[in-house]
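*Asks:* Got input_12.txt for you, compact mmCIF, C-alpha atoms:
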```txt
# COMPACT_ATOMS: atom_id res chain seq x y z
CA ALA A 1 41.49 43.94 -21.24
CA ASP A 2 42.25 47.38 -22.69
CA ALA A 3 43.08 45.86 -26.05
CA VAL A 4 39.87 43.84 -26.00
CA GLU A 5 37.85 46.94 -25.16
CA PHE A 6 39.55 48.96 -27.92
CA LEU A 7 39.00 46.28 -30.57
CA SER A 8 35.43 45.61 -29.48
CA VAL A 9 34.55 49.26 -30.13
CA ARG A 10 36.11 49.10 -33.59
CA TYR A 11 34.35 45.84 -34.50
CA ARG A 12 31.01 47.23 -33.35
CA GLU A 13 31.52 50.36 -35.45
CA ARG A 14 32.13 48.13 -38.49
CA ASN A 15 29.26 45.78 -37.54
CA ASP A 16 31.78 42.95 -37.74
CA TYR A 17 30.09 40.80 -35.12
CA ARG A 18 31.81 37.58 -36.08
CA ALA A 19 35.16 39.18 -35.42
CA LEU A 20 33.78 40.55 -32.16
CA TYR A 21 32.57 37.07 -31.16
CA ASP A 22 36.00 35.58 -31.91
CA LEU A 23 37.67 38.39 -29.98
CA TYR A 24 35.72 37.65 -26.79
CA ALA A 25 36.05 33.87 -27.28
CA GLY A 26 39.84 34.13 -27.45
CA ALA A 27 40.04 36.56 -24.55
CA ILE A 28 37.98 34.29 -22.26
CA LYS A 29 40.64 31.61 -22.35
CA GLU A 30 43.43 34.06 -21.59
CA THR A 31 42.03 36.11 -18.73
CA TRP A 32 42.47 34.97 -15.15
CA ASP A 33 39.41 36.84 -13.77
CA PRO A 34 36.39 34.48 -13.50
CA ASN A 35 33.96 37.40 -13.33
CA GLN A 36 35.40 38.83 -16.53
CA ARG A 37 35.15 35.42 -18.21
CA LEU A 38 31.47 35.21 -17.24
CA GLU A 39 30.76 38.74 -18.48
CA TRP A 40 32.46 38.11 -21.83
CA THR A 41 30.69 34.77 -22.19
CA ARG A 42 27.34 36.51 -21.78
CA GLU A 43 28.46 39.00 -24.43
CA THR A 44 29.43 36.24 -26.88
CA VAL A 45 26.11 34.45 -26.31
CA GLU A 46 24.15 37.64 -26.98
CA ILE A 47 26.18 38.28 -30.14
CA ALA A 48 25.70 34.69 -31.31
CA GLU A 49 21.95 34.70 -30.78
CA THR A 50 20.91 38.26 -31.67
CA ARG A 51 23.50 39.28 -34.27
CA LEU A 52 24.85 36.09 -35.81
CA LYS A 53 21.64 34.05 -35.35
CA SER A 54 23.75 31.00 -34.50
CA THR A 55 22.68 28.64 -31.76
CA ASP A 56 25.83 26.60 -32.37
CA LEU A 57 28.03 29.56 -31.47
CA ALA A 58 25.95 30.22 -28.35
CA ILE A 59 26.46 26.59 -27.34
CA ASP A 60 30.19 26.85 -27.98
CA ALA A 61 30.35 29.92 -25.73
CA TRP A 62 28.66 28.27 -22.78
CA GLU A 63 30.60 25.02 -23.24
CA ARG A 64 33.86 27.01 -23.23
CA LEU A 65 33.00 28.55 -19.87
CA TYR A 66 31.78 25.24 -18.42
CA GLU A 67 35.09 23.58 -19.28
CA LEU A 68 36.85 26.36 -17.37
CA GLY A 69 34.75 25.53 -14.32
CA ASP A 70 33.27 29.02 -13.88
CA ALA A 71 29.71 29.89 -12.82
CA VAL A 72 28.76 26.22 -12.90
CA ASP A 73 25.10 26.67 -11.92
CA GLU A 74 24.37 29.40 -14.44
CA THR A 75 26.36 27.64 -17.16
CA SER A 76 24.60 24.34 -16.53
CA ARG A 77 21.15 25.93 -16.70
CA ALA A 78 22.08 27.80 -19.86
CA LEU A 79 23.47 24.71 -21.59
CA SER A 80 20.46 22.60 -20.66
CA GLU A 81 18.14 25.26 -22.06
CA VAL A 82 20.06 25.89 -25.28
CA TYR A 83 20.57 22.17 -26.01
CA ARG A 84 16.81 21.65 -25.70
CA ARG A 85 16.01 24.69 -27.82
CA ALA A 86 18.38 23.49 -30.51
CA LYS A 87 17.14 19.88 -30.16
CA ARG A 88 20.72 18.72 -29.54
CA TRP A 89 19.55 15.76 -27.52
CA ASP A 90 22.78 13.80 -27.84
CA ARG A 91 24.83 16.65 -26.41
CA LEU A 92 22.23 17.28 -23.70
CA ALA A 93 22.33 13.63 -22.67
CA GLU A 94 26.13 13.56 -22.64
CA PHE A 95 26.31 16.80 -20.68
CA LEU A 96 23.76 15.73 -18.08
CA SER A 97 25.39 12.30 -17.75
CA ARG A 98 28.67 13.97 -16.82
CA ARG A 99 26.86 16.09 -14.26
CA ALA A 100 25.04 13.06 -12.83
CA ALA A 101 28.35 11.25 -12.33
CA ALA A 102 29.39 13.97 -9.91
CA LEU A 103 26.15 13.85 -7.92
CA THR A 104 24.71 11.49 -5.32
CA GLY A 105 21.33 10.61 -3.85
CA ALA A 106 18.17 12.37 -4.97
CA GLU A 107 20.07 14.92 -7.09
CA ARG A 108 21.68 12.14 -9.09
CA VAL A 109 18.33 10.39 -9.63
CA VAL A 110 16.68 13.59 -10.85
CA MET A 111 19.54 14.20 -13.27
CA LEU A 112 19.43 10.64 -14.59
CA ARG A 113 15.68 10.94 -15.17
CA THR A 114 16.36 13.93 -17.41
CA VAL A 115 19.06 11.99 -19.27
CA SER A 116 16.68 9.09 -19.91
CA GLU A 117 14.02 11.47 -21.18
CA ALA A 118 16.53 13.03 -23.58
CA TYR A 119 17.33 9.60 -25.00
CA LEU A 120 13.73 8.44 -25.03
CA SER A 121 11.77 11.45 -26.25
CA GLY A 122 14.50 13.42 -27.97
CA MET A 123 16.66 10.80 -29.71
CA ARG A 124 14.20 7.86 -29.70
CA ASP A 125 17.13 5.77 -28.50
CA HIS A 126 15.36 3.12 -26.43
CA GLU A 127 18.51 1.15 -25.70
CA LYS A 128 20.37 4.09 -24.19
CA ALA A 129 17.26 5.15 -22.28
CA ALA A 130 16.92 1.61 -20.90
CA GLU A 131 20.53 1.69 -19.66
CA ILE A 132 19.96 4.93 -17.77
CA LEU A 133 16.64 3.74 -16.34
CA ALA A 134 18.31 0.55 -15.17
CA GLN A 135 20.78 2.67 -13.18
CA ILE A 136 17.91 4.54 -11.52
CA LEU A 137 15.91 1.42 -10.72
CA ALA A 138 19.00 -0.29 -9.33
CA GLU A 139 19.24 2.52 -6.77
CA ARG A 140 15.47 3.10 -6.37
CA PRO A 141 13.42 0.08 -7.49
CA ASP A 142 10.12 1.88 -6.81
CA ASP A 143 10.96 5.19 -8.46
CA PRO A 144 7.58 6.08 -10.08
CA ILE A 145 8.95 8.28 -12.86
CA ALA A 146 11.59 5.73 -13.85
CA LEU A 147 9.01 2.93 -13.81
CA LEU A 148 6.73 4.95 -16.08
CA ALA A 149 9.59 5.64 -18.48
CA GLN A 150 10.69 2.00 -18.38
CA ALA A 151 7.16 0.94 -19.30
CA ARG A 152 7.30 3.29 -22.30
CA VAL A 153 10.65 1.82 -23.33
CA LEU A 154 9.36 -1.75 -23.14
CA ALA A 155 6.23 -0.81 -25.09
CA ARG A 156 8.26 0.82 -27.86
CA ARG A 157 10.54 -2.22 -27.98
CA LYS A 158 7.39 -4.41 -28.16
CA ASP A 159 8.73 -6.38 -25.21
CA TRP A 160 5.29 -7.47 -24.01
CA ASP A 161 6.62 -10.16 -21.64
CA GLY A 162 8.85 -7.61 -19.94
CA LEU A 163 6.04 -5.05 -19.82
CA ALA A 164 3.60 -7.53 -18.27
CA GLU A 165 6.21 -8.50 -15.68
CA LEU A 166 6.94 -4.85 -14.89
CA GLY A 167 3.22 -4.13 -14.60
CA ALA A 168 2.83 -6.86 -11.98
CA LEU A 169 5.10 -5.11 -9.45
CA PRO A 170 3.18 -4.41 -6.20
CA LEU A 171 4.33 -0.76 -5.87
CA THR A 172 3.19 -0.44 -2.27
CA GLY A 173 3.87 2.85 -0.53
CA LEU A 174 3.89 4.98 -3.68
CA PRO A 175 1.42 7.83 -4.33
CA ALA A 176 -1.83 6.40 -5.70
CA ALA A 177 -1.93 8.87 -8.61
CA ALA A 178 1.56 7.84 -9.80
CA VAL A 179 0.73 4.14 -9.52
CA LEU A 180 -2.51 4.68 -11.43
CA ASP A 181 -0.68 6.44 -14.30
CA PHE A 182 1.77 3.54 -14.45
CA ARG A 183 -0.98 0.89 -14.36
CA ARG A 184 -2.91 2.67 -17.12
CA LEU A 185 0.14 2.94 -19.38
CA VAL A 186 0.91 -0.77 -19.03
CA ALA A 187 -2.69 -1.83 -19.63
CA ASP A 188 -3.20 0.47 -22.62
CA ALA A 189 0.04 -0.70 -24.25
CA LEU A 190 -0.82 -4.38 -23.84
CA TRP A 191 -4.34 -3.77 -25.16
CA SER A 192 -3.04 -1.88 -28.21
CA ALA A 193 -0.67 -4.78 -28.88
CA GLY A 194 -3.61 -7.20 -28.96
CA ASP A 195 -2.42 -9.04 -25.85
CA LEU A 196 -5.95 -9.09 -24.46
CA GLU A 197 -5.51 -11.63 -21.65
CA ARG A 198 -2.62 -9.81 -20.01
CA ALA A 199 -4.19 -6.44 -20.79
CA LEU A 200 -7.30 -7.49 -18.88
CA VAL A 201 -5.18 -8.46 -15.86
CA ALA A 202 -3.51 -5.05 -16.07
CA TYR A 203 -6.85 -3.27 -16.35
CA GLU A 204 -8.09 -5.13 -13.27
CA ARG A 205 -5.20 -3.52 -11.39
CA VAL A 206 -6.35 -0.14 -12.72
CA LEU A 207 -9.89 -0.82 -11.48
CA GLU A 208 -8.54 -1.66 -8.03
CA LEU A 209 -7.36 1.95 -7.83
CA ASP A 210 -10.18 3.60 -9.79
CA ALA A 211 -13.36 1.55 -10.06
CA ASP A 212 -14.83 4.02 -12.56
CA ASP A 213 -11.88 4.24 -14.98
CA HIS A 214 -13.54 4.61 -18.37
CA ASP A 215 -10.88 2.90 -20.48
CA ALA A 216 -10.53 -0.04 -18.11
CA LEU A 217 -14.29 -0.60 -17.97
CA ARG A 218 -14.59 -0.33 -21.74
CA ALA A 219 -11.71 -2.75 -22.29
CA LYS A 220 -13.10 -5.30 -19.85
CA GLU A 221 -16.54 -5.14 -21.44
CA GLU A 222 -15.07 -5.49 -24.93
CA TYR A 223 -12.85 -8.38 -23.85
CA LEU A 224 -15.75 -10.34 -22.35
CA ALA A 225 -17.85 -9.69 -25.45
CA ARG A 226 -15.05 -10.65 -27.89
CA THR A 227 -14.26 -13.87 -26.08
CA GLY A 228 -17.89 -14.93 -25.80
CA LYS A 229 -17.90 -14.92 -22.01
CA SER A 230 -21.55 -13.90 -21.89
CA GLU A 231 -22.27 -14.98 -18.33
CA ALA A 232 -19.31 -13.00 -17.00
CA LEU A 233 -20.32 -10.05 -19.19
CA VAL A 234 -23.84 -10.03 -17.75
CA GLY A 235 -22.43 -10.08 -14.22
CA PHE A 236 -20.00 -7.29 -15.05
CA LEU A 237 -22.72 -5.08 -16.58
CA SER A 238 -25.04 -5.78 -13.66
CA GLN A 239 -22.38 -4.77 -11.12
CA ARG A 240 -21.59 -1.61 -13.08
CA ALA A 241 -25.28 -0.70 -13.14
CA GLN A 242 -25.48 -1.17 -9.37
CA ARG A 243 -22.67 1.37 -8.84
CA GLU A 244 -23.76 3.79 -11.58
CA LYS A 245 -25.29 7.06 -10.38
CA SER A 246 -26.61 8.28 -13.72
CA LEU A 247 -30.08 6.84 -14.38
CA GLU A 248 -29.58 7.06 -18.15
CA VAL A 249 -26.30 5.13 -18.07
CA ARG A 250 -27.73 2.62 -15.61
CA ALA A 251 -30.66 2.04 -17.96
CA LYS A 252 -28.33 1.29 -20.89
CA LEU A 253 -26.23 -1.13 -18.85
CA LEU A 254 -29.25 -3.04 -17.60
CA THR A 255 -30.82 -3.17 -21.06
CA ARG A 256 -27.68 -4.72 -22.49
CA ALA A 257 -27.28 -7.18 -19.61
CA ALA A 258 -30.92 -8.26 -19.79
CA THR A 259 -30.78 -8.70 -23.57
CA ILE A 260 -27.68 -10.89 -23.33
CA ALA A 261 -29.21 -12.97 -20.54
CA GLU A 262 -32.34 -13.47 -22.61
CA LYS A 263 -30.90 -13.97 -26.10
CA GLU A 264 -27.44 -15.45 -25.54
CA LEU A 265 -27.66 -17.22 -22.19
CA ASP A 266 -31.28 -18.29 -22.67
CA ASP A 267 -31.80 -17.69 -18.96
CA PRO A 268 -35.31 -16.22 -18.64
CA ARG A 269 -35.21 -15.95 -14.85
CA LEU A 270 -31.97 -13.97 -14.89
CA ALA A 271 -33.33 -11.85 -17.75
CA VAL A 272 -36.51 -11.16 -15.74
CA SER A 273 -34.53 -9.95 -12.73
CA LEU A 274 -32.53 -7.58 -14.96
CA TRP A 275 -35.56 -6.29 -16.89
CA GLU A 276 -37.30 -5.67 -13.54
CA ARG A 277 -34.38 -3.51 -12.47
CA ARG A 278 -34.54 -1.78 -15.84
CA ALA A 279 -38.26 -1.11 -15.32
CA GLU A 280 -37.53 0.41 -11.90
CA VAL A 281 -35.06 2.80 -13.54
CA ALA A 282 -37.75 3.72 -16.08
CA GLN A 283 -40.10 4.62 -13.25
CA GLU A 284 -37.39 6.75 -11.61
CA LEU A 285 -36.78 8.53 -14.91
CA SER A 286 -40.51 9.16 -15.33
CA ALA A 287 -40.77 10.58 -11.82
CA ALA A 288 -37.76 12.84 -12.40
CA ALA A 289 -39.17 14.09 -15.71
CA ALA A 290 -42.58 14.75 -14.15
CA ALA A 291 -41.03 16.68 -11.27
CA ALA A 292 -39.07 18.89 -13.68
CA ALA A 293 -41.96 19.55 -16.11
CA PRO A 294 -44.64 22.25 -15.75
CA PRO A 295 -47.91 20.97 -14.22
CA GLY A 296 -50.23 19.31 -16.73
CA SER A 297 -47.47 18.63 -19.29
CA ALA A 298 -47.91 15.61 -21.55
CA LEU A 299 -44.74 13.53 -21.16
CA SER A 300 -43.50 10.74 -23.39
CA PRO A 301 -42.31 7.49 -21.80
CA PRO A 302 -38.55 7.41 -21.08
CA ASP A 303 -36.45 5.74 -23.77
CA GLY A 304 -36.53 1.97 -23.41
CA ALA A 305 -39.29 1.87 -20.78
CA LEU A 306 -41.85 0.17 -23.02
CA GLU A 307 -39.14 -2.22 -24.23
CA ALA A 308 -38.53 -3.32 -20.65
CA PHE A 309 -42.19 -4.01 -19.84
CA THR A 310 -42.76 -5.71 -23.22
CA ALA A 311 -39.81 -8.04 -22.59
CA LEU A 312 -41.08 -8.77 -19.08
CA ALA A 313 -44.54 -9.69 -20.36
CA GLN A 314 -43.04 -12.13 -22.87
CA LEU A 315 -40.64 -13.66 -20.35
CA TYR A 316 -43.26 -14.08 -17.65
CA ASP A 317 -45.49 -15.74 -20.24
CA THR A 318 -42.63 -18.14 -21.10
CA LEU A 319 -42.23 -18.95 -17.40
CA GLY A 320 -45.99 -19.42 -16.96
CA ASP A 321 -46.13 -16.60 -14.41
CA ASN A 322 -49.56 -15.10 -15.12
CA VAL A 323 -49.34 -12.60 -12.27
CA GLY A 324 -46.05 -11.36 -13.68
CA VAL A 325 -47.59 -10.99 -17.15
CA ALA A 326 -50.43 -8.89 -15.73
CA ARG A 327 -47.98 -6.70 -13.79
CA ALA A 328 -45.88 -6.13 -16.92
CA LEU A 329 -48.97 -5.21 -18.99
CA GLU A 330 -50.07 -2.78 -16.29
CA GLY A 331 -46.58 -1.26 -16.33
CA GLN A 332 -46.94 -0.61 -20.07
CA LEU A 333 -50.41 0.82 -19.55
CA LYS A 334 -49.10 3.44 -17.12
CA LEU A 335 -46.70 4.71 -19.78
CA LEU A 336 -49.14 4.96 -22.70
CA ARG A 337 -51.35 7.94 -23.41
CA ALA A 338 -52.38 7.43 -27.07
CA PRO A 339 -56.01 6.08 -27.15
CA GLN A 340 -55.41 3.41 -29.79
CA GLN A 341 -52.38 2.02 -27.98
CA ARG A 342 -54.26 1.98 -24.69
CA ILE A 343 -57.23 0.20 -26.28
CA GLU A 344 -55.06 -2.63 -27.62
CA LEU A 345 -53.30 -3.03 -24.31
CA LEU A 346 -56.52 -2.89 -22.28
CA ARG A 347 -58.02 -5.63 -24.43
CA LYS A 348 -54.94 -7.80 -23.92
CA LEU A 349 -54.93 -7.17 -20.17
CA GLY A 350 -58.69 -7.76 -19.87
CA GLU A 351 -58.50 -11.07 -21.71
CA HIS A 352 -55.50 -12.14 -19.62
CA CYS A 353 -57.19 -11.30 -16.32
CA ALA A 354 -60.38 -13.10 -17.28
CA ALA A 355 -58.93 -16.19 -18.94
CA ARG A 356 -55.73 -16.83 -16.95
CA LEU A 357 -56.18 -15.14 -13.59
CA GLY A 358 -59.91 -15.52 -13.16
CA ASP A 359 -59.99 -11.90 -12.05
CA ASP A 360 -63.32 -10.77 -13.48
CA THR A 361 -63.27 -7.52 -11.52
CA ARG A 362 -60.00 -6.37 -13.10
CA ALA A 363 -61.14 -7.64 -16.52
CA GLU A 364 -64.37 -5.69 -16.23
CA ALA A 365 -62.46 -2.51 -15.35
CA CYS A 366 -60.38 -2.94 -18.51
CA TRP A 367 -63.44 -3.37 -20.75
CA LYS A 368 -65.17 -0.38 -19.17
CA GLU A 369 -62.18 1.81 -19.95
CA VAL A 370 -62.19 0.53 -23.53
CA LEU A 371 -65.88 1.49 -23.82
CA SER A 372 -65.16 4.93 -22.38
CA ILE A 373 -62.82 5.49 -25.29
CA VAL A 374 -64.82 3.66 -27.98
CA PRO A 375 -68.46 3.42 -26.85
CA ASP A 376 -69.49 1.12 -29.68
CA ASP A 377 -66.59 -1.32 -29.31
```
Write out the structure in this file as structure tokens.

*Replies:*
Amino acid sequence: ADAVEFLSVRYRERNDYRALYDLYAGAIKETWDPNQRLEWTRETVEIAETRLKSTDLAIDAWERLYELGDAVDETSRALSEVYRRAKRWDRLAEFLSRRAAALTGAERVVMLRTVSEAYLSGMRDHEKAAEILAQILAERPDDPIALLAQARVLARRKDWDGLAELGALPLTGLPAAAVLDFRRLVADALWSAGDLERALVAYERVLELDADDHDALRAKEEYLARTGKSEALVGFLSQRAQREKSLEVRAKLLTRAATIAEKELDDPRLAVSLWERRAEVAQELSAAAAAAAPPGSALSPPDGALEAFTALAQLYDTLGDNVGVARALEGQLKLLRAPQQRIELLRKLGEHCAARLGDDTRAEACWKEVLSIVPDD
């Protein structure tokens, strides 16, 4: 120790830090005192990192001490950190694998998870990662972290059969958040691969856990549209609208559902029921806007409101429902403020009431309002 101290002073005076590093490295193997070995190892690491700027030499220093079996906890933490910092994923995986072999139970599983992540994210070695994950799942078939990693491995291997099979596991008793992450990963991977049928099944499992999952809802809607399943799409949009709290979003969903029912399914009665719901949303939007506006403000009709009542008038006319036509025209009239637009609509409503409903009183009221706007009409 005295010789080491004497030489260390001389090497520092000469700024010969490589010689100083080698001095401590050689002395560590020769001394019997574990505390001294730890102290000199810390010295060599500091020299390697701050003076020699060599991560490799820092790694060598900690590995030397680990092989001697000293300060195992500190040495293990240090090696794990320096391997990661140096991106030495192969050595990290090998080191952690040796540690895992000496562990049991939960500690072993945690260590193996880290090994699999080193292979998967660090080295992109899917085969090695799969081997480690298989060990974990053999001991803990429902391990959520291992299942998530296994799904990533299968996706990167493009093993869609295996991924679909893995995604079908029941996973009862696991935390809902972990299961949801797993279900989402499986569904997204299958969707990205173009395996739409199995992706939809996977997304249905997502929706069982989170009925408002944006990606799952979008994928299901796109799938039904792509595959021409218009009737199912209308039902899906209608159900979404029923659950939707936002009036604006609900209005868009109902507009799309009603348009499909009318144009693609050629089902006027179904379209009417959807447009009626859309008209109700328009009235709610109008009421909300009126409540928020200063008294006496001139408000424009909500987006799509006139479209809904116009479609209803046409559909009721197709069905021969004259009362429905009149109700739809009156709905439009409540939304319009421009004189010319009101005049045209009042004329249409007046003619309809007189000719088809035989309601001369309502027809007369329409014509009187027209004359109040244009006295010489």

*Asks:* Work out how far apart CA of Ala3 in chain A and CA of Glu46 in chain A are and give it in Å to one decimal.

*Replies:* 20.7 Å

*Asks:* Write out as a list in words which residues come within 10 Å of Arg42 in chain A when counting all atoms listed in the file, dropping same-chain ones fewer than 5 positions away.

*Replies:*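 Result of the neighbour search: Tyr24, Gln36, Arg37, Ile47, Ala48, Ala58, Ala61, Trp62 and Leu65 of chain A.
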
*Asks:* Could you dump the residues just selected with C-alpha atoms as a PDB file, in the frame of the given file?

*Replies:*
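out39.pdb written:
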```
ATOM      1  CA  TYR A  24      35.720  37.650 -26.790  1.00  0.00           C
ATOM      2  CA  GLN A  36      35.400  38.830 -16.530  1.00  0.00           C
ATOM      3  CA  ARG A  37      35.150  35.420 -18.210  1.00  0.00           C
ATOM      4  CA  ILE A  47      26.180  38.280 -30.140  1.00  0.00           C
ATOM      5  CA  ALA A  48      25.700  34.690 -31.310  1.00  0.00           C
ATOM      6  CA  ALA A  58      25.950  30.220 -28.350  1.00  0.00           C
ATOM      7  CA  ALA A  61      30.350  29.920 -25.730  1.00  0.00           C
ATOM      8  CA  TRP A  62      28.660  28.270 -22.780  1.00  0.00           C
ATOM      9  CA  LEU A  65      33.000  28.550 -19.870  1.00  0.00           C
TER      10      LEU A  65
END
```

*Asks:* Residues within 10 Å of range 198-205 of chain A, please, as a PyMOL selection string. Count only C-alpha atoms; anything in the same chain fewer than 4 positions from it doesn't count.

*Replies:* chain A and resi 160-161+163-165+167-168+170+179-180+183-194+209-211+213+215-221+223-224

*Asks:* Could you state the separation of CA of Gln150 in chain A and CA of Arg98 in chain A in Å, given to one decimal place?

*Replies:* 21.7 Å

*Asks:* Can you list, as a PyMOL selection string, every protein, DNA or RNA residue that comes within 10 Å of Glu264 in chain A when you count all atoms listed in the file, leaving out same-chain residues fewer than 3 positions away?

*Replies:* chain A and resi 228+230-231+258-261+267

*Asks:* In the coordinate frame of the file, compute which residues have an atom within 10 Å of (34.9, 28.7, -16.3) when using all atoms listed in the file, and state them as a list in words.

*Replies:*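 These residues have at least one counted atom within 10 Å: Ile28, Lys29, Trp32, Asp33, Pro34, Asn35, Arg37, Leu38, Thr41, Trp62, Glu63, Arg64, Leu65, Tyr66, Glu67, Leu68, Gly69, Asp70, Ala71, Val72 and Thr75 of chain A.
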
*Asks:* Please provide the set of residues having any atom within 9 Å of Arg347 in chain A, restricted to only C-alpha atoms, with same-chain residues fewer than 4 positions apart removed, written as a list in words.

*Replies:* Arg342, Ile343, Glu351, His352, Ala363, Cys366, Trp367 and Val370 of chain A

*Asks:* For those residues, write C-alpha atoms to a file as a compact mmCIF listing (two decimals), in the frame of the given file.

*Replies:*
```txt
# COMPACT_ATOMS: atom_id res chain seq x y z
CA ARG A 342 -54.26 1.98 -24.69
CA ILE A 343 -57.23 0.20 -26.28
CA GLU A 351 -58.50 -11.07 -21.71
CA HIS A 352 -55.50 -12.14 -19.62
CA ALA A 363 -61.14 -7.64 -16.52
CA CYS A 366 -60.38 -2.94 -18.51
CA TRP A 367 -63.44 -3.37 -20.75
CA VAL A 370 -62.19 0.53 -23.53
```

*Asks:* Any idea what the distance is between CA of Ala151 in chain A and CA of Gly105 in chain A?

*Replies:*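 Taking CA of Ala151 in chain A as the start and CA of Gly105 in chain A as the end point, the length is 23.1 Å.
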
*Asks:* Counting all atoms listed in the file, which residue out of A:Arg278, A:Arg18, A:Arg226, A:Arg269 sits closest to Glu248 in chain A?

*Replies:*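 For Glu248 in chain A, the nearest of the given residues is A:Arg278.
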
*Asks:* Contacts of Asn322 in chain A at 10 Å or less, counting all atoms listed in the file, minus same-chain residues fewer than 2 places along, as an mmCIF file with C-alpha atoms, keeping the file's coordinate frame?

*Replies:*
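Done, and the output landed in part-v9.cif:
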```
data_model
loop_
_atom_site.group_PDB
_atom_site.id
_atom_site.type_symbol
_atom_site.label_atom_id
_atom_site.label_comp_id
_atom_site.auth_asym_id
_atom_site.auth_seq_id
_atom_site.Cartn_x
_atom_site.Cartn_y
_atom_site.Cartn_z
ATOM 1 C CA ALA A 313 -44.540 -9.690 -20.360
ATOM 2 C CA TYR A 316 -43.260 -14.080 -17.650
ATOM 3 C CA ASP A 317 -45.490 -15.740 -20.240
ATOM 4 C CA THR A 318 -42.630 -18.140 -21.100
ATOM 5 C CA LEU A 319 -42.230 -18.950 -17.400
ATOM 6 C CA GLY A 320 -45.990 -19.420 -16.960
ATOM 7 C CA GLY A 324 -46.050 -11.360 -13.680
ATOM 8 C CA VAL A 325 -47.590 -10.990 -17.150
ATOM 9 C CA ALA A 326 -50.430 -8.890 -15.730
ATOM 10 C CA ARG A 327 -47.980 -6.700 -13.790
ATOM 11 C CA ALA A 328 -45.880 -6.130 -16.920
ATOM 12 C CA HIS A 352 -55.500 -12.140 -19.620
ATOM 13 C CA CYS A 353 -57.190 -11.300 -16.320
ATOM 14 C CA ARG A 356 -55.730 -16.830 -16.950
ATOM 15 C CA LEU A 357 -56.180 -15.140 -13.590
#
```

*Asks:* With the input short on atoms, add all heavy atoms back to range 128-132 of chain A and write it as a PDB file, in the frame of the given file.

*Replies:*
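And here is the file that came out, rebuild_26.pdb:
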```
ATOM      1  N   LYS A 128      19.667   3.195 -25.112  1.00  0.00           N
ATOM      2  CA  LYS A 128      20.370   4.090 -24.190  1.00  0.00           C
ATOM      3  C   LYS A 128      19.477   4.490 -23.023  1.00  0.00           C
ATOM      4  O   LYS A 128      19.918   4.545 -21.865  1.00  0.00           O
ATOM      5  CB  LYS A 128      20.834   5.347 -24.941  1.00  0.00           C
ATOM      6  CG  LYS A 128      21.992   5.129 -25.879  1.00  0.00           C
ATOM      7  CD  LYS A 128      23.295   5.043 -25.089  1.00  0.00           C
ATOM      8  CE  LYS A 128      24.489   5.078 -26.027  1.00  0.00           C
ATOM      9  NZ  LYS A 128      25.771   4.955 -25.276  1.00  0.00           N
ATOM     10  N   ALA A 129      18.204   4.780 -23.335  1.00  0.00           N
ATOM     11  CA  ALA A 129      17.260   5.150 -22.280  1.00  0.00           C
ATOM     12  C   ALA A 129      17.135   4.008 -21.273  1.00  0.00           C
ATOM     13  O   ALA A 129      17.110   4.229 -20.053  1.00  0.00           O
ATOM     14  CB  ALA A 129      15.907   5.485 -22.880  1.00  0.00           C
ATOM     15  N   ALA A 130      17.058   2.775 -21.784  1.00  0.00           N
ATOM     16  CA  ALA A 130      16.920   1.610 -20.900  1.00  0.00           C
ATOM     17  C   ALA A 130      18.131   1.483 -19.976  1.00  0.00           C
ATOM     18  O   ALA A 130      17.991   1.127 -18.795  1.00  0.00           O
ATOM     19  CB  ALA A 130      16.738   0.347 -21.724  1.00  0.00           C
ATOM     20  N   GLU A 131      19.319   1.766 -20.490  1.00  0.00           N
ATOM     21  CA  GLU A 131      20.530   1.690 -19.660  1.00  0.00           C
ATOM     22  C   GLU A 131      20.465   2.682 -18.502  1.00  0.00           C
ATOM     23  O   GLU A 131      20.807   2.347 -17.364  1.00  0.00           O
ATOM     24  CB  GLU A 131      21.764   1.969 -20.516  1.00  0.00           C
ATOM     25  CG  GLU A 131      22.067   0.883 -21.544  1.00  0.00           C
ATOM     26  CD  GLU A 131      23.236   1.265 -22.449  1.00  0.00           C
ATOM     27  OE1 GLU A 131      23.913   2.270 -22.128  1.00  0.00           O
ATOM     28  OE2 GLU A 131      23.464   0.576 -23.460  1.00  0.00           O
ATOM     29  N   ILE A 132      20.035   3.907 -18.815  1.00  0.00           N
ATOM     30  CA  ILE A 132      19.960   4.930 -17.770  1.00  0.00           C
ATOM     31  C   ILE A 132      18.875   4.566 -16.748  1.00  0.00           C
ATOM     32  O   ILE A 132      19.069   4.693 -15.532  1.00  0.00           O
ATOM     33  CB  ILE A 132      19.666   6.308 -18.393  1.00  0.00           C
ATOM     34  CG1 ILE A 132      20.767   6.690 -19.388  1.00  0.00           C
ATOM     35  CG2 ILE A 132      19.525   7.358 -17.305  1.00  0.00           C
ATOM     36  CD1 ILE A 132      22.150   6.792 -18.789  1.00  0.00           C
TER      37      ILE A 132
END
```
